[in-house]
file query-v5.txt (compact mmCIF, C-alpha atoms)
# COMPACT_ATOMS: atom_id res chain seq x y z
CA CYS L 239 0.00 0.00 0.00
CA GLY L 240 1.04 3.63 -0.19
CA ASP L 241 2.42 5.75 -3.05
CA GLY L 242 3.07 4.97 -6.70
CA LEU L 243 1.09 1.74 -6.90
CA ASP L 244 0.13 2.21 -10.57
CA ALA L 245 3.82 2.12 -11.50
CA LEU L 246 4.48 -0.84 -9.22
CA PHE L 247 1.54 -2.83 -10.59
CA PRO L 248 1.02 -1.60 -14.19
CA ASP L 249 -0.89 -4.70 -15.35
CA LEU L 250 -1.92 -7.00 -12.52
CA PRO L 251 -2.47 -6.46 -8.77
CA LEU L 252 -0.08 -9.33 -8.03
CA ARG L 253 3.65 -9.75 -8.62
CA LYS L 254 5.26 -13.15 -8.08
CA THR L 255 8.93 -13.80 -7.36
CA GLY L 256 10.91 -16.88 -6.44
CA GLN L 257 10.75 -15.90 -2.77
CA GLY L 258 7.14 -14.75 -2.47
CA CYS L 259 4.48 -12.45 -3.82
CA TRP L 260 3.60 -8.75 -3.71
CA LEU L 261 -0.15 -8.02 -3.59
CA ARG L 262 -1.54 -4.57 -4.31
CA VAL L 263 -3.88 -3.33 -1.59
CA GLY L 264 -4.46 0.28 -2.62
CA ASP L 265 -5.51 2.65 0.13
CA VAL L 266 -4.01 2.01 3.56
CA ALA L 267 -7.53 1.79 5.00
CA ALA L 268 -8.21 -1.32 2.89
CA LEU L 269 -5.55 -3.43 4.62
CA THR L 270 -7.89 -4.94 7.20
CA ASP L 271 -10.47 -5.99 4.58
CA VAL L 272 -7.79 -7.61 2.38
CA VAL L 273 -6.28 -9.57 5.27
CA HIS L 274 -9.75 -10.59 6.45
CA ASN L 275 -10.47 -12.06 3.00
CA ILE L 276 -7.16 -13.94 3.00
CA GLN L 277 -7.91 -15.24 6.49
CA ALA L 278 -11.28 -16.55 5.29
CA GLN L 279 -10.11 -18.05 2.00
CA GLN L 280 -6.49 -19.10 2.71
CA PRO L 281 -5.98 -19.24 6.49
CA HIS L 282 -2.71 -21.21 6.08
CA GLN L 283 -1.19 -18.13 4.42
CA LEU L 284 -1.87 -15.82 7.33
CA GLY L 285 1.44 -16.40 9.09
CA GLN L 286 3.37 -15.51 5.93
CA LEU L 287 1.86 -12.05 5.49
CA SER L 288 3.64 -8.76 5.98
CA ILE L 289 2.83 -5.16 5.07
CA MET L 290 4.89 -3.06 2.69
CA TYR L 291 4.25 0.68 2.82
CA ALA L 292 5.60 2.51 -0.23
CA CYS L 293 6.62 6.14 0.22
CA LEU L 294 7.65 8.52 -2.58
CA PRO L 295 8.65 11.82 -0.94
CA ASP L 296 9.00 13.42 -4.40
CA GLN L 297 5.22 13.09 -4.76
CA HIS L 298 4.40 14.76 -1.44
CA GLN L 299 4.21 18.48 -0.72
CA ASP L 300 2.76 18.48 2.79
CA GLU L 301 4.50 16.73 5.69
CA ALA L 302 1.26 16.73 7.71
CA VAL L 303 -0.52 14.75 4.98
CA LEU L 304 2.31 12.21 4.85
CA ARG L 305 2.25 11.83 8.62
CA ALA L 306 -1.53 11.35 8.54
CA SER L 307 -1.07 8.43 6.15
CA LEU L 308 1.49 6.91 8.50
CA LYS L 309 -0.89 7.30 11.43
CA ALA L 310 -3.56 5.51 9.37
CA LEU L 311 -1.04 2.70 8.88
CA ARG L 312 -0.56 2.46 12.65
CA GLN L 313 -4.33 2.21 13.05
CA GLN L 314 -4.52 -0.58 10.49
CA VAL L 315 -1.70 -2.51 12.18
CA ARG L 316 -3.65 -2.31 15.45
CA HIS L 317 -6.83 -3.58 13.74
CA LEU L 318 -4.89 -6.40 12.11
CA SER L 319 -3.36 -7.42 15.44
CA SER L 320 -6.86 -7.81 16.86
CA LEU L 321 -7.99 -9.72 13.76
CA THR L 322 -5.09 -12.15 13.47
CA GLY L 323 -3.86 -12.37 17.05
CA PHE L 324 -0.33 -11.27 16.17
CA ARG L 325 1.53 -8.24 14.82
CA LEU L 326 2.18 -8.35 11.09
CA PRO L 327 5.73 -7.27 10.14
CA VAL L 328 5.95 -3.90 8.40
CA VAL L 329 8.46 -3.02 5.68
CA LEU L 330 9.05 0.57 4.56
CA ASN L 331 9.81 0.98 0.85
CA CYS L 332 11.16 4.47 0.14
CA GLN L 333 12.39 5.84 -3.17
CA PHE L 334 13.95 9.27 -3.61
CA SER L 335 15.17 11.27 -6.58
CA GLY L 336 18.93 11.65 -6.82
CA PRO L 337 21.90 9.68 -8.14
CA GLU L 338 21.04 6.09 -9.02
CA THR L 339 21.78 3.60 -6.23
CA PRO L 340 20.87 -0.04 -5.61
CA TRP L 341 18.42 -0.95 -2.90
CA ASN L 342 19.68 -0.38 0.64
CA ILE L 343 18.09 -2.77 3.13
CA VAL L 344 18.24 -1.93 6.84
CA ARG L 345 17.30 -4.55 9.41
CA GLY L 346 18.06 -3.74 13.00
CA GLY L 347 21.53 -2.25 13.03
CA ASP L 348 22.65 -3.84 9.74
CA ALA L 349 22.56 -2.00 6.40
CA LEU L 350 23.18 -3.90 3.17
CA VAL L 351 23.43 -2.62 -0.39
CA CYS L 352 21.85 -5.05 -2.85
CA PRO L 353 23.04 -4.57 -6.45
CA ILE L 354 20.92 -6.29 -9.10
CA ASP L 355 22.22 -9.78 -9.90
CA ASP L 356 25.06 -9.45 -7.43
CA VAL L 357 25.85 -10.37 -3.83
CA PRO L 358 24.68 -7.89 -1.17
CA ILE L 359 27.49 -6.01 0.55
CA PRO L 360 27.59 -3.94 3.75
CA LEU L 361 26.78 -0.28 3.20
CA HIS L 362 30.11 0.90 4.60
CA GLU L 363 31.96 -1.22 2.01
CA TRP L 364 29.80 0.06 -0.86
CA GLN L 365 30.48 3.65 0.21
CA LEU L 366 34.22 3.09 -0.21
CA THR L 367 33.87 1.78 -3.76
CA ALA L 368 35.05 4.15 -6.49
CA GLY L 369 32.28 6.10 -8.19
CA HIS L 370 29.82 6.08 -5.31
CA ILE L 371 31.04 9.16 -3.46
CA THR L 372 28.76 11.53 -5.41
CA ALA L 373 25.69 9.65 -4.20
CA LEU L 374 26.59 9.76 -0.52
CA PRO L 375 25.23 13.24 0.44
CA VAL L 376 21.82 12.52 -1.06
CA LEU L 377 21.71 8.97 0.28
CA SER L 378 22.62 10.23 3.76
CA GLU L 379 19.77 12.75 3.65
CA ALA L 380 17.37 10.03 2.51
CA PHE L 381 18.28 8.01 5.61
CA THR L 382 17.74 11.10 7.76
CA PHE L 383 14.39 11.88 6.13
CA ILE L 384 13.18 8.36 6.91
CA ARG L 385 14.39 8.57 10.51
CA GLU L 386 13.05 12.06 11.31
CA ILE L 387 9.69 11.84 9.54
CA LEU L 388 8.62 8.28 8.75
CA LEU L 389 10.07 6.40 11.71
CA ASP L 390 9.32 9.31 14.01
CA GLU L 391 5.63 9.16 13.13
CA LEU L 392 5.42 5.38 13.25
CA SER L 393 7.07 5.26 16.68
CA LYS L 394 4.50 7.56 18.28
CA THR L 395 2.06 6.06 20.70
CA ASP L 396 -1.37 7.09 21.88
CA ARG L 397 -4.52 5.46 23.20
CA LEU L 398 -5.76 4.33 19.78
CA CYS L 399 -2.53 3.84 17.84
CA PRO L 400 0.36 1.90 19.40
CA PRO L 401 3.83 2.41 17.88
CA VAL L 402 4.93 0.45 14.82
CA HIS L 403 8.56 -0.59 14.53
CA PRO L 404 9.29 -1.73 10.96
CA PHE L 405 10.90 -5.10 10.46
CA ALA L 406 12.99 -3.60 7.63
CA VAL L 407 13.51 -0.38 5.71
CA ALA L 408 14.27 -0.53 1.99
CA LEU L 409 15.43 2.64 0.25
CA ARG L 410 17.06 3.67 -2.97
CA THR L 411 17.73 6.89 -4.83
CA GLY L 412 17.28 7.36 -8.56
CA TYR L 413 13.52 7.85 -8.65
CA PRO L 414 12.38 10.52 -11.17
CA ARG L 415 12.49 13.95 -9.56
CA GLY L 416 9.22 15.62 -8.64
CA GLY L 417 8.49 19.35 -8.68
CA ASN L 418 10.60 22.05 -7.13
CA HIS L 419 8.26 22.24 -4.16
CA SER L 420 8.05 18.59 -3.27
CA LEU L 421 8.68 17.58 0.32
CA TRP L 422 11.95 15.89 -0.68
CA ALA L 423 13.20 18.76 -2.85
CA ASN L 424 12.55 21.27 -0.07
CA TRP L 425 14.17 19.00 2.53
CA LEU L 426 17.29 18.49 0.42
CA HIS L 427 17.69 22.17 -0.47
CA ARG L 428 17.07 23.34 3.10
CA ARG L 429 19.63 20.99 4.61
CA THR L 430 22.30 20.79 1.90
CA CYS L 431 21.53 23.57 -0.65
CA LEU L 432 21.44 20.83 -3.31
CA GLN L 433 18.94 21.16 -6.14
CA LEU L 434 18.67 18.03 -8.25
CA PRO L 435 18.16 18.25 -12.01
CA GLN L 436 14.73 17.47 -13.41
CA THR L 437 14.38 13.84 -14.49
CA ARG L 438 11.54 12.03 -16.20
CA GLY L 439 12.89 8.55 -16.81
CA GLN L 440 11.42 5.47 -15.19
CA SER L 441 13.36 2.48 -13.93
CA GLU L 442 12.27 -1.05 -14.74
CA ALA L 443 9.27 -2.22 -12.73
CA SER L 444 11.37 -5.02 -11.19
CA ASP L 445 13.88 -2.46 -9.91
CA ARG L 446 11.16 -0.68 -7.96
CA PHE L 447 10.54 -3.71 -5.75
CA PRO L 448 12.96 -4.54 -2.90
CA ASP L 449 12.62 -8.27 -3.60
CA VAL L 450 15.57 -9.05 -1.37
CA VAL L 451 13.45 -8.48 1.75
CA LEU L 452 11.41 -11.56 0.79
CA SER L 453 14.43 -13.84 1.06
call {"tool": "encode", "arguments": {"input": "query-v5.txt", "output": "structure tokens"}}
result
Amino acid sequence: CGDGLDALFPDLPLRKTGQGCWLRVGDVAALTDVVHNIQAQQPHQLGQLSIMYACLPDQHQDEAVLRASLKALRQQVRHLSSLTGFRLPVVLNCQFSGPETPWNIVRGGDALVCPIDDVPIPLHEWQLTAGHITALPVLSEAFTFIREILLDELSKTDRLCPPVHPFAVALRTGYPRGGNHSLWANWLHRRTCLQLPQTRGQSEASDRFPDVVLS
């Protein structure tokens, strides 16, 4: 669920891989209904479910609206816990405009860079590889954006919405740049004075899925 689902699922609401499947839900509020249907029709699959929330900061202009969507996700996770009897794992999928990078997968304190058709390597080793230095300022700000906005909102707690601590965070840069006034463009310019060039290209659909988190 989340942003950019038409690009993620251009033809069918289901994408199969060797490790598992991605199923399009649509609006965050529909999560409970979808899981309820799976519980009724395929109860043996219930323990294999997780939630992926896709966030495209280049498509947002209002931080409050983004945070409201994250709060709605916390509400759905609470409903699903009551429905299933356990907490479904949550994965954040975040794509930012900037220099092209592979997927970065963060689980706990470990960060891996996952080049296509290659062995994942620790982030600190990838950073030392020639040619990657130009991507580091933008990639660093993408990590900070996730920590100070997305994870900050998900970790809040109140009477109706307990905190959500994602099982994994997947992020990459190289997404087509949005307008000059997008949340990400303003964040990047305010903190680094960087202004990225306008881009319109699209990566392959397979590249927009962090399939490695299924393994």
call {"tool": "closest_residue", "arguments": {"input": "query-v5.txt", "among": "L:Ala306, L:Ala349, L:Leu321, L:Val357", "to": "His274 (chain L)", "atoms": "all atoms listed in the file"}}
result
L:Leu321
call {"tool": "closest_residue", "arguments": {"input": "query-v5.txt", "among": "L:Trp422, L:Pro295, L:Leu318, L:Arg305", "to": "Val272 (chain L)", "atoms": "only C-alpha atoms"}}
result
L:Leu318
call {"tool": "atom_distance", "arguments": {"input": "query-v5.txt", "atom1": "CA of Ala292 (chain L)", "atom2": "CA of Lys394 (chain L)"}}
result
19.2 Å
call {"tool": "closest_residue", "arguments": {"input": "query-v5.txt", "among": "L:Cys399, L:Leu252, L:Leu311, L:Leu326", "to": "Leu284 (chain L)", "atoms": "all atoms listed in the file"}}
result
L:Leu326
call {"tool": "atom_distance", "arguments": {"input": "query-v5.txt", "atom1": "CA of Leu304 (chain L)", "atom2": "CA of Ile289 (chain L)"}}
result
17.4 Å
call {"tool": "closest_residue", "arguments": {"input": "query-v5.txt", "among": "L:Arg428, L:Gly285, L:Arg316, L:Val351", "to": "Arg397 (chain L)", "atoms": "only C-alpha atoms"}}
result
L:Arg316
call {"tool": "atom_distance", "arguments": {"input": "query-v5.txt", "atom1": "CA of Gly346 (chain L)", "atom2": "CA of Leu308 (chain L)"}}
result
20.2 Å
call {"tool": "residues_around", "arguments": {"input": "query-v5.txt", "residues": "Leu426 (chain L)", "least_positions_apart": "3", "cutoff": "12 Å", "atoms": "only C-alpha atoms", "output": "list in words"}}
result
Pro295, Asp296, Phe334, Ser335, Gly336, Pro375, Val376, Leu377, Ser378, Glu379, Ala380, Phe381, Thr382, Phe383, Arg415, Asn418, His419, Ser420, Leu421, Trp422, Ala423, Arg429, Thr430, Cys431, Leu432, Gln433 and Leu434 of chain L
call {"tool": "residues_around", "arguments": {"input": "query-v5.txt", "residues": "Gly347 (chain L)", "least_positions_apart": "4", "cutoff": "12 Å", "atoms": "only C-alpha atoms", "output": "count of residues only"}}
result
6
call {"tool": "closest_residue", "arguments": {"input": "query-v5.txt", "among": "L:Arg345, L:Asp249, L:Arg385, L:Thr339", "to": "Gln365 (chain L)", "atoms": "only C-alpha atoms"}}
result
L:Thr339
